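Data first, discussion second: the structure below is written as C-alpha cells.
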Amino acid sequence: MPARNQKQWMADPNLQRGEWVDSRIYSDPEIFEEELEKIFKKTWIPVCHESELSEPYDFRTTTIAREPVIVARGPDNTVRAFLNVCPHRGMMIERRPAGSFLEGQPSGNPKRMTCMFHAWQFDMKGNCVYISREKEGYQDRLCKENTGLRRLRCEVAMGGFVWVCLDDKPECSLEEWAGKPFDCIRESIDAEPLEVFHYHKAIINTNYKLWHDTNSEFYHDFMHYHNRVTGFNDEYFARKNIGFEHGHVNVTSFEVNYDEYEGFESREELSFPKFPPNQWFMIDLFPGMNFNLRGSALRCDIMTPLGPNKVMIEFRGLGVKADTPEERQTRIEHHNSIWGPFGRNLHEDLIGVTGQGATMNDGSEPRRILHGRHEDNYIHDEVGLRHYYDEWGKWMDRLPSDPMQKYTAPAVAAE
Amino acid sequence: MSWKRVCSASEVAEKSLKQFDVEGVPVLIANLGDEFRAYPPLCPHMEERLEESGICEAGVLTCSKHLWQWDMRTGEMRGEAEKPLLLYEVKQDNGDVLVNIEKELEYEYDEETDDDDDSFWD
Amino acid sequence: MSANGNGAVEAVKDTIYRSCLLLDEEKWSDWLDLCDDGFQYSIKAWSPEINYDMTYFSADHKHLSTMTEQLPKHNTDHSPLKRHSTVYTVDVDKDGKTATAITSLVVYQNMLDGETSHLDSGENHLFLVGKYMDKLKIENGQAKFLEREVRLETRRLDKGSHWPI
C-alpha cells in the first residue's frame, strides 16, 4: 500500500467500528478530567500491598484521582483507609510515604496520627481523639466527636493487595468487581502471605491507557529480542485472551522457554504455592492495573494518571514471605533480569509507549489507532484492547472511535 | 514493702529524667537536685514518653506536647493538666536510688471505640 | 603510609576513574577487562516505601559479557549516560592485596532520542544519584574490580536503562 495523501490518511479504514479508537481519547484534556471523575473516583484501586504496612500502627500514603489517601493498620490488625486531610484547615496529615505511628510525631503522641499544624490527633479508626484547646476555642459548638476523618472503602484481598474506593457506594463489591479475573491465580496468591521485594516508579509522558494497552497485547513481543527469537513457538501461540465483565482481561498460561536465551538458567525450579512451575497468567484490570504471575514472581503495575499525556506507574515484584534467602535471591534475579529498571523488557516497553505519547498531544491531528487484529482470541489478537475500550465507552458515555459522540455498541462483538 | 534498686544516683543528672526497666516495670526517675522522685514513664494525657518530652524546671515537670504540668514533688496538677501524676515511693541508700514497687502504676487512657457497624456506609 | 600503600590507593582510583570513562563511552568489553573473572556486579537501593533493601539488578562477569554483547540487538534509548564521580575513600587491606573504595556517583542523561528528539536532543537530565561501593584486588601495581555495588538513592527511574551503570 503506497503512502497516502491527507484525505486518504484521514478516511475510515477498512475496519468496523470497535476495531479502532480515536487518538483524542489519549490526548484530550476534558476526557482526562472526566476519566478521573467518572472512573478513578468510582472504581476499586489497589493502592499497595498489605506487607508494606505489616505491623499495627504502620501506614502507607498514596493518592487516587489527586485525592491524598492514607492506609493504616490498627492495633486490631485491620487495615483502614482515610482521606489524608485534616478536617480543620485541609493540611495533609501524613507526608511520609510509609512508616509507623507507634512513635509520636513532633506535634503529637504515640499511636496517633498527628496533624503537625495545630496538633489535632486521630486514632487508627479515624476518630478525632484530640483538638488542642478544644473548649477554649469551640465552646460547645464543635467538638472532636464531630471532626473525625473521612473514612474510605478499603479491603485487603487478592493476594493481600489493599484496595480502596473513593465512592462510598461502589457499583459492586470488590469480589464482584475483580473476583472472576483473579480466579486463575487466586488459590496460589491467597495460600500464604506474600511480600514486596521490588518497588520502583516511572513518571512518563504518555496516557495511562497506552501503558495498559501494552500490558494487554503481546504482538509487541516483536520489540523484544529474546521474546521474538526464542518465544514464537507453538506453545506461545497457544495462549488466549479471555474477557470478563467490567472490562477486565486474562491471558492464559504457557510454558516459558528461557533455556534458549543464552546466559539465563530455567526458572523451573521455583514457583508459588499451588502453582505449577513454568506457568504464567496475566490479569489486566480495568481501568489500569496489571497483575502477572509467573513461577518466579508476582508482578503488579499500578497506574496513576497525572495528565492526558502523563502517568505514574508503580512497579512491584512480590515473593512469598516465607521464602528462604536463596529462594528470595532467585526470585529477585529472575524478576529483575526482565522486569527490573535495568533489565531487558521494561525499558523497551516504556520507549514504546512514550513514543506513542509523543505523537498524540492535545491539538495533534486526530488519528486512528488500530485495534483490529483478529486471531480467534489467541495471543496476538487485539481483543483485549477492544474489550477494554468497549467498557471505557460505557463508563464515559463516549464512542471510543469518535469520542465526541455518545456511546453506542460496537459493530464487532468485543467478547 | 517491695523496695527495688533502680540505679545509682549519679546516673541521673540534676534536673533531668531517665527511664529504667525494673524487673519488667518501667520507671521514670527524676533528679530534683536535693531529692529524687519516681513516676510511671508515660504522660497521663496521651501516653507520651516523658523521658523524651518532659522538661524539668524549678520543681515543675512540663510535658512539651500539650503543656500539662505537675509539681514534681507531689504530683499535683498545675496549669493545663487534667490528671495528677502518680508517684512511686523513693529512697536513697548508699548512693543508690531505690523505688517501692508493689505493683506497676498505670494511667487509664480512653477506651478503644467500638467497630463501625454495617450501616456506616449508608 | 608505606610507598606500597600510596601506590595502592592511586591504582584503585585510577581503575575507578577509568571505569567511569569507559562506561560513559559504552566500551563495555574494555570495562569488563578492568574486572576480575569472578567479578560480581549489583545495583541496589533502599526503599523506604516498602521498607526493604532492594536489588535492582545483579550479574556476574559472564552474564554482563553476554548482556553487553547482545545490546545492539535490543531496542534502546540512545541518549548517552554521563557520570560524574569522586572517589571519597580508599581503604587498603594490611596485606596490600585488596582494597575497598566508596565513590560518590551522579549519572546524567545527555538526551539524544528522548521522547521527541527535535525538542529533547542536547538537553541534560539528572538520572541517578548514588555511590559505587567497590572491592578491588591489587596485583603488580594494577587494581581490578572484584565486586561493584552501585548503591542508588533513586527509586524514580522513569525509562530505566539497558546499560550497566
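Residues are named by chain letter and number: chains run A, B, ... in the order of the C-alpha cells, numbers start at 1 in each chain, and ligands are numbered from 1 in the order shown.
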
List as a PyMOL selection string the protein and nucleic acid residues near Lys240 (chain A), meaning an atom at most 12 Å away when only C-alpha atoms are counted, but skip any in the same chain fewer than 3 places from it. chain A and resi 216-218+235-237+243+249-254+280-282+374-384

If you take only C-alpha atoms and a cut-off of 8 Å, which residues of chain C touch chain A, and what are their nearest atom pairs and distances in Å to one decimal, in chain and number order, as JSON lines?
{"residue": "C:Ser47", "atom": "CA", "partner": "A:Tyr199", "partner_atom": "CA", "distance": 7.4}
{"residue": "C:Pro48", "atom": "CA", "partner": "A:Ala98", "partner_atom": "CA", "distance": 6.7}
{"residue": "C:Glu49", "atom": "CA", "partner": "A:Ala98", "partner_atom": "CA", "distance": 5.4}
{"residue": "C:Ile50", "atom": "CA", "partner": "A:Glu52", "partner_atom": "CA", "distance": 5.1}
{"residue": "C:Asn51", "atom": "CA", "partner": "A:Glu52", "partner_atom": "CA", "distance": 7.2}
{"residue": "C:Tyr52", "atom": "CA", "partner": "A:Phe197", "partner_atom": "CA", "distance": 6.7}
{"residue": "C:Met54", "atom": "CA", "partner": "A:His198", "partner_atom": "CA", "distance": 6.1}
{"residue": "C:Thr55", "atom": "CA", "partner": "A:Ile332", "partner_atom": "CA", "distance": 7.0}
{"residue": "C:Tyr56", "atom": "CA", "partner": "A:Gly340", "partner_atom": "CA", "distance": 6.0}
{"residue": "C:Phe57", "atom": "CA", "partner": "A:Asn336", "partner_atom": "CA", "distance": 5.7}
{"residue": "C:Ser58", "atom": "CA", "partner": "A:Glu333", "partner_atom": "CA", "distance": 6.5}
{"residue": "C:Lys62", "atom": "CA", "partner": "A:Gly263", "partner_atom": "CA", "distance": 7.7}
{"residue": "C:His63", "atom": "CA", "partner": "A:Gly263", "partner_atom": "CA", "distance": 5.8}
{"residue": "C:Thr66", "atom": "CA", "partner": "A:Gly263", "partner_atom": "CA", "distance": 6.6}
{"residue": "C:Lys73", "atom": "CA", "partner": "A:Tyr225", "partner_atom": "CA", "distance": 6.4}
{"residue": "C:His74", "atom": "CA", "partner": "A:Tyr225", "partner_atom": "CA", "distance": 5.8}
{"residue": "C:Asn75", "atom": "CA", "partner": "A:Glu348", "partner_atom": "CA", "distance": 6.1}
{"residue": "C:Thr76", "atom": "CA", "partner": "A:Glu348", "partner_atom": "CA", "distance": 6.4}
{"residue": "C:Asp77", "atom": "CA", "partner": "A:Ile351", "partner_atom": "CA", "distance": 7.1}
{"residue": "C:Glu115", "atom": "CA", "partner": "A:Gly355", "partner_atom": "CA", "distance": 6.0}
{"residue": "C:Thr116", "atom": "CA", "partner": "A:Ala358", "partner_atom": "CA", "distance": 6.2}
{"residue": "C:Arg155", "atom": "CA", "partner": "A:His200", "partner_atom": "CA", "distance": 5.1}
{"residue": "C:Arg156", "atom": "CA", "partner": "A:Lys201", "partner_atom": "CA", "distance": 4.7}
{"residue": "C:Leu157", "atom": "CA", "partner": "A:Ala202", "partner_atom": "CA", "distance": 5.5}
{"residue": "C:Asp158", "atom": "CA", "partner": "A:Ala202", "partner_atom": "CA", "distance": 3.8}
{"residue": "C:Lys159", "atom": "CA", "partner": "A:His347", "partner_atom": "CA", "distance": 5.4}
{"residue": "C:Gly160", "atom": "CA", "partner": "A:Pro341", "partner_atom": "CA", "distance": 4.6}
{"residue": "C:Ser161", "atom": "CA", "partner": "A:Phe342", "partner_atom": "CA", "distance": 5.1}
{"residue": "C:His162", "atom": "CA", "partner": "A:Phe342", "partner_atom": "CA", "distance": 5.4}
{"residue": "C:Trp163", "atom": "CA", "partner": "A:Phe342", "partner_atom": "CA", "distance": 7.1}
{"residue": "C:Pro164", "atom": "CA", "partner": "A:Phe342", "partner_atom": "CA", "distance": 7.8}

What does the structure give for the distance between CA of Ala8 (chain C) and CA of Lys135 (chain C), in Å to one decimal? 12.7 Å

When DSSP is applied to the backbone of this structure, which of region 59-163 of chain C are assigned alpha helix (DSSP H)? Write them out as a ChimeraX atom specification. /C:61-69,117-120

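CA of Phe101 (chain A) is positioned 17.4 Å from CA of Gly148 (chain A).
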
Which residues are close to Arg386 (chain A), i.e. within 12 Å by only C-alpha atoms, leaving aside same-chain residues fewer than 3 positions away? Reply as JSON, numbers by chain. {"A": [16, 17, 18, 19, 20, 21, 213, 216, 217, 241, 242, 243, 247, 248, 249, 369, 370, 371, 372, 373, 374, 377, 381, 382, 383, 389, 390, 391, 392, 393, 400, 401, 409, 410, 411, 412, 413, 414, 415]}

Could you write out that same residue set with C-alpha atoms as an mmCIF file, in the first residue's frame?
data_model
loop_
_atom_site.group_PDB
_atom_site.id
_atom_site.type_symbol
_atom_site.label_atom_id
_atom_site.label_comp_id
_atom_site.auth_asym_id
_atom_site.auth_seq_id
_atom_site.Cartn_x
_atom_site.Cartn_y
_atom_site.Cartn_z
ATOM 1 C CA GLN A 16 -15.540 -1.910 11.608
ATOM 2 C CA ARG A 17 -16.451 0.365 14.499
ATOM 3 C CA GLY A 18 -14.854 -1.092 17.630
ATOM 4 C CA GLU A 19 -11.713 -2.052 15.712
ATOM 5 C CA TRP A 20 -10.077 1.313 16.071
ATOM 6 C CA VAL A 21 -10.058 4.143 18.594
ATOM 7 C CA ASP A 213 -2.762 -1.336 26.137
ATOM 8 C CA SER A 216 -2.979 -6.100 27.170
ATOM 9 C CA GLU A 217 -1.342 -7.238 23.947
ATOM 10 C CA ASN A 241 -7.191 -13.639 25.758
ATOM 11 C CA ILE A 242 -10.340 -14.010 27.840
ATOM 12 C CA GLY A 243 -12.616 -11.070 28.547
ATOM 13 C CA GLY A 247 -13.574 -4.608 31.074
ATOM 14 C CA HIS A 248 -11.038 -6.963 32.632
ATOM 15 C CA VAL A 249 -8.980 -9.462 30.617
ATOM 16 C CA ILE A 369 -5.318 3.788 16.476
ATOM 17 C CA LEU A 370 -5.929 0.336 15.094
ATOM 18 C CA HIS A 371 -7.150 -2.418 17.381
ATOM 19 C CA GLY A 372 -8.205 -4.669 14.543
ATOM 20 C CA ARG A 373 -6.194 -7.884 14.817
ATOM 21 C CA HIS A 374 -8.367 -10.993 14.912
ATOM 22 C CA ASN A 377 -8.545 -14.554 20.555
ATOM 23 C CA ASP A 381 -5.303 -10.917 18.761
ATOM 24 C CA GLU A 382 -6.177 -7.412 19.928
ATOM 25 C CA VAL A 383 -9.459 -8.462 21.516
ATOM 26 C CA TYR A 389 -12.457 0.247 25.199
ATOM 27 C CA ASP A 390 -15.980 -1.024 24.972
ATOM 28 C CA GLU A 391 -16.124 -0.849 28.750
ATOM 29 C CA TRP A 392 -14.440 2.555 28.734
ATOM 30 C CA GLY A 393 -17.017 3.812 26.269
ATOM 31 C CA PRO A 400 -14.007 5.236 21.524
ATOM 32 C CA SER A 401 -13.775 5.600 17.749
ATOM 33 C CA ALA A 409 -22.285 -0.699 20.979
ATOM 34 C CA PRO A 410 -19.500 -1.651 18.560
ATOM 35 C CA ALA A 411 -20.229 -3.369 15.283
ATOM 36 C CA VAL A 412 -17.823 -6.169 16.201
ATOM 37 C CA ALA A 413 -18.585 -8.009 19.444
ATOM 38 C CA ALA A 414 -15.862 -7.118 21.908
ATOM 39 C CA GLU A 415 -16.270 -10.515 23.638
#

Enter the distance from CA of Gln121 (chain A) to CA of Ala30 (chain B), in Å, rounded to one decimal.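 Between CA of Gln121 (chain A) and CA of Ala30 (chain B) the gap is 28.6 Å.
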
What's the 8 Å shell around Ile189 (chain A), counting only C-alpha atoms, without same-chain residues fewer than 2 positions away, as a PyMOL selection string? chain A and resi 158-159+185-187+191-194+272-273

Writer output for current selection, N, CA and C atoms, as a PDB file, in the first residue's frame:
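New file out-v4.pdb:
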ATOM      1  N   MET A 158      -7.194 -10.524  47.236  1.00  0.00           N
ATOM      2  CA  MET A 158      -6.474 -10.913  46.019  1.00  0.00           C
ATOM      3  C   MET A 158      -4.971 -10.957  46.278  1.00  0.00           C
ATOM      4  N   GLY A 159      -4.570 -11.842  47.166  1.00  0.00           N
ATOM      5  CA  GLY A 159      -3.138 -11.981  47.428  1.00  0.00           C
ATOM      6  C   GLY A 159      -2.599 -10.933  48.383  1.00  0.00           C
ATOM      7  N   ILE A 185      -5.495 -17.369  39.427  1.00  0.00           N
ATOM      8  CA  ILE A 185      -4.334 -17.428  40.332  1.00  0.00           C
ATOM      9  C   ILE A 185      -4.712 -17.291  41.798  1.00  0.00           C
ATOM     10  N   ARG A 186      -6.001 -17.199  42.067  1.00  0.00           N
ATOM     11  CA  ARG A 186      -6.462 -16.881  43.422  1.00  0.00           C
ATOM     12  C   ARG A 186      -5.935 -17.839  44.473  1.00  0.00           C
ATOM     13  N   GLU A 187      -6.078 -19.116  44.185  1.00  0.00           N
ATOM     14  CA  GLU A 187      -5.679 -20.117  45.166  1.00  0.00           C
ATOM     15  C   GLU A 187      -4.201 -19.971  45.505  1.00  0.00           C
ATOM     16  N   ALA A 191      -2.714 -18.492  49.198  1.00  0.00           N
ATOM     17  CA  ALA A 191      -2.300 -19.642  50.013  1.00  0.00           C
ATOM     18  C   ALA A 191      -1.446 -19.228  51.205  1.00  0.00           C
ATOM     19  N   GLU A 192      -0.514 -18.297  50.972  1.00  0.00           N
ATOM     20  CA  GLU A 192       0.403 -17.877  52.047  1.00  0.00           C
ATOM     21  C   GLU A 192       0.647 -16.373  51.939  1.00  0.00           C
ATOM     22  N   PRO A 193       1.050 -15.736  53.030  1.00  0.00           N
ATOM     23  CA  PRO A 193       1.332 -14.298  52.937  1.00  0.00           C
ATOM     24  C   PRO A 193       2.444 -14.010  51.927  1.00  0.00           C
ATOM     25  N   LEU A 194       2.244 -12.946  51.146  1.00  0.00           N
ATOM     26  CA  LEU A 194       3.230 -12.535  50.156  1.00  0.00           C
ATOM     27  C   LEU A 194       3.968 -11.290  50.656  1.00  0.00           C
ATOM     28  N   PHE A 272       5.236 -20.563  43.015  1.00  0.00           N
ATOM     29  CA  PHE A 272       4.391 -20.082  44.096  1.00  0.00           C
ATOM     30  C   PHE A 272       3.618 -21.274  44.638  1.00  0.00           C
ATOM     31  N   PRO A 273       3.093 -21.146  45.866  1.00  0.00           N
ATOM     32  CA  PRO A 273       2.322 -22.258  46.416  1.00  0.00           C
ATOM     33  C   PRO A 273       1.188 -22.638  45.463  1.00  0.00           C
TER      34      PRO A 273
END

I need the contact residues of chain A against chain B, so if you could list those with any atom within 8 Å, counting only C-alpha atoms, and return them as an NGL selection string, that would help. :A and (104 or 106-110 or 132 or 168-169)

Could you give me, as a PyMOL selection string, the residues within 9 Å of region 403-408 of chain A, counting only C-alpha atoms and dropping anything in the same chain fewer than 5 positions from it? chain A and resi 21-22+24-25+31+390+393-394+396-398

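Within 8 Å of Phe40 (chain A), once only C-alpha atoms are used and residues closer than 6 positions along the same chain are dropped, the contacting residues are Ile64, Ala65 and Pro287 of chain A.
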
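Around region 91-94 of chain C, within 9 Å and counting only C-alpha atoms, the residues found are Gly5, Ala8, Val9, Thr98, Ala99, Thr100, Ala101 and Ile102 of chain C, once anything fewer than 4 positions away on its own chain is removed.
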